[in-house]
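Notes to accompany the following structure.
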Amino acid sequence: MKVTLPKVTKVVSNLPYSISSEITFRLLRELEFEQAILMYQKEYAQRLLATPGTSEYSRLSINIGYQAEVEHLMDVPANMFYPEPAVDSVVVRLKHSTKKPRAKDDTVFFWMVTGIFSYPNKQLRKALRIWFRNLNVDRDLVDVVLDNCQGYIESNERLRTIAIEKLIVLADALLLLIEEEKLPDPRGNTF
């Protein structure tokens with residue numbers, strides 16, 4: 001994690017499973033690769049590949065899916081290794097996503113996902129109210145945010161069912177309140 005990453009166009013690695021997230025997000029943040037072929041523990045890979053509405057769909061699925069396209073390449077059963085590990089593995093291909101929609105501010109998007117996806121099985125309104133309470137802001141602002149998203153996202157949708165495109169609309173609605181100084185600014189900006 002401390003080594004300087006070389007400028008490369010392709011990455012191929014059997015990542016240390018214990019730091020899969022840290023390395024994956026570092027690769028996405030620091031390198032402009034064409035593709036990365038990476039092997040992960042099976043359960044981790046299932047979360048990377050998860051789609052809305054599945055039990056594996058999580059903050060990880062969203063944060064990766066927002067930045068990259070993930071493709072399942074192959075399963076690697078534990079018996080393919082010697083000595084045999086206790087877990088199965090999966091090889092995936094990651095490509096930087098250039099065609100997907102983006103929020104107006106990435107920092108606000110990631111801050112929001114971290115804040116509300118502590119409650120992945122909650123309905124959106126309830127998760128936002130809990131998060132706003134934890135931020136020590138007026139929970140009634142949840143209605144303002146949801147009104148700004150009207151027609152795009154429903155307040156009773158469960159977080160695990162909400163597609164990234166809808167979460168982008170939600171993050172942009174939060175940005176409006178940040179700019180009005182009604183919510184804290186995760187970017188460290190002071191007005």
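Ordering of the structure tokens sets the chain letters (A, B, ...), residue numbers begin anew at 1 in every chain, and ligands are numbered from 1 in the order given.
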(request) Can you pull out every residue within 8 Å of region 101-115 of chain A, counting only C-alpha atoms, but drop anything in the same chain fewer than 2 positions away, and send it as a list in words? (result)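 The residues that qualify are Arg59, Ile62, Asn63, Tyr66, Lys99, Phe117, Ser118, Trp131, Glu165, Leu167, Ile168, Val169, Ala171, Asp172, Leu174, Leu175, Pro186 and Arg187 of chain A.
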Could you give me, as a PDB file with C-alpha atoms, in the first residue's frame, each residue of region 34-69 of chain A that DSSP assigns to strand (DSSP E) when run on this structure's backbone?
ATOM      1  CA  GLN A  35      -8.256  -2.840 -17.931  1.00  0.00           C
ATOM      2  CA  ALA A  36      -7.382  -4.682 -14.758  1.00  0.00           C
ATOM      3  CA  ILE A  37      -7.702  -8.449 -14.444  1.00  0.00           C
ATOM      4  CA  LEU A  38      -7.994  -9.132 -10.724  1.00  0.00           C
ATOM      5  CA  MET A  39      -8.690 -12.185  -8.585  1.00  0.00           C
ATOM      6  CA  TYR A  40     -10.793 -11.742  -5.449  1.00  0.00           C
ATOM      7  CA  GLN A  41     -12.325 -13.913  -2.800  1.00  0.00           C
ATOM      8  CA  ALA A  68     -15.861   1.139 -13.202  1.00  0.00           C
ATOM      9  CA  GLU A  69     -17.408  -1.544 -15.325  1.00  0.00           C
TER      10      GLU A  69
END
(request) Considering only C-alpha atoms, state which residue in the set A:Val137, A:Leu124, A:Ile19, A:Leu27 is at the smallest distance from Ile162 (chain A). (result) A:Leu124
(message) I need the residue nearest Ala45 (chain A) from this list: A:Glu84, A:Glu71, A:Glu22, A:Glu180. Use only C-alpha atoms for the distance.
(response)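 Using only C-alpha atoms, the shortest distance to Ala45 (chain A) belongs to A:Glu71.
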(message) List as a PyMOL selection string the protein and nucleic acid residues near region 140-150 of chain A, meaning an atom at most 7 Å away when only C-alpha atoms are counted, but skip any in the same chain fewer than 6 places from it.
(response) chain A and resi 125+128-129+169-170+173-174
Can you spit out the residues from that selection as a PDB file, in the first residue's frame, using N, CA and C atoms?
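Printed below is again_36.pdb as written:
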ATOM      1  N   ARG A 125     -36.310   7.099   2.906  1.00  0.00           N
ATOM      2  CA  ARG A 125     -36.671   8.177   3.830  1.00  0.00           C
ATOM      3  C   ARG A 125     -36.124   7.893   5.231  1.00  0.00           C
ATOM      4  N   LEU A 128     -32.263   8.229   5.344  1.00  0.00           N
ATOM      5  CA  LEU A 128     -31.865   9.648   5.317  1.00  0.00           C
ATOM      6  C   LEU A 128     -32.121  10.318   6.663  1.00  0.00           C
ATOM      7  N   ARG A 129     -33.247  10.007   7.295  1.00  0.00           N
ATOM      8  CA  ARG A 129     -33.576  10.622   8.595  1.00  0.00           C
ATOM      9  C   ARG A 129     -32.559  10.208   9.668  1.00  0.00           C
ATOM     10  N   VAL A 169     -28.915  11.320  -8.705  1.00  0.00           N
ATOM     11  CA  VAL A 169     -29.926  12.377  -8.559  1.00  0.00           C
ATOM     12  C   VAL A 169     -30.021  12.800  -7.090  1.00  0.00           C
ATOM     13  N   LEU A 170     -30.005  11.830  -6.187  1.00  0.00           N
ATOM     14  CA  LEU A 170     -30.072  12.115  -4.753  1.00  0.00           C
ATOM     15  C   LEU A 170     -28.854  12.922  -4.293  1.00  0.00           C
ATOM     16  N   ALA A 173     -29.189  16.461  -5.328  1.00  0.00           N
ATOM     17  CA  ALA A 173     -30.158  17.178  -4.477  1.00  0.00           C
ATOM     18  C   ALA A 173     -29.508  17.565  -3.149  1.00  0.00           C
ATOM     19  N   LEU A 174     -28.651  16.702  -2.619  1.00  0.00           N
ATOM     20  CA  LEU A 174     -27.923  17.038  -1.387  1.00  0.00           C
ATOM     21  C   LEU A 174     -26.958  18.188  -1.626  1.00  0.00           C
TER      22      LEU A 174
END
Distance table requested - region 73-115 of chain A against region 4-15 of chain A, cut-off 12 Å, only C-alpha atoms: one row per qualifying residue with the closest atom pair and its distance in Å to one decimal, ordered by chain and rising residue number, as CSV.
residue,atom,partner,partner_atom,distance
A:Val76,CA,A:Asn14,CA,11.3
A:Ser89,CA,A:Asn14,CA,9.6
A:Val90,CA,A:Asn14,CA,9.9
A:Val91,CA,A:Asn14,CA,8.6
A:Val92,CA,A:Val12,CA,10.1
A:Arg93,CA,A:Val12,CA,9.3
A:Leu94,CA,A:Val11,CA,9.4
A:Lys95,CA,A:Lys10,CA,9.7
A:His96,CA,A:Thr9,CA,11.2
(message) According to DSSP computed on the backbone, where in region 41-90 of chain A is there helix (DSSP H, G or I)? Give the residues as a ChimeraX atom specification.
(response) /A:42-49,59-67,78-80
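Remark: for Gln46 (chain A), the closest of the candidate residues A:Asn79, A:Asp88, A:Glu30, A:Ile178 is A:Asp88 (distances computed over only C-alpha atoms).
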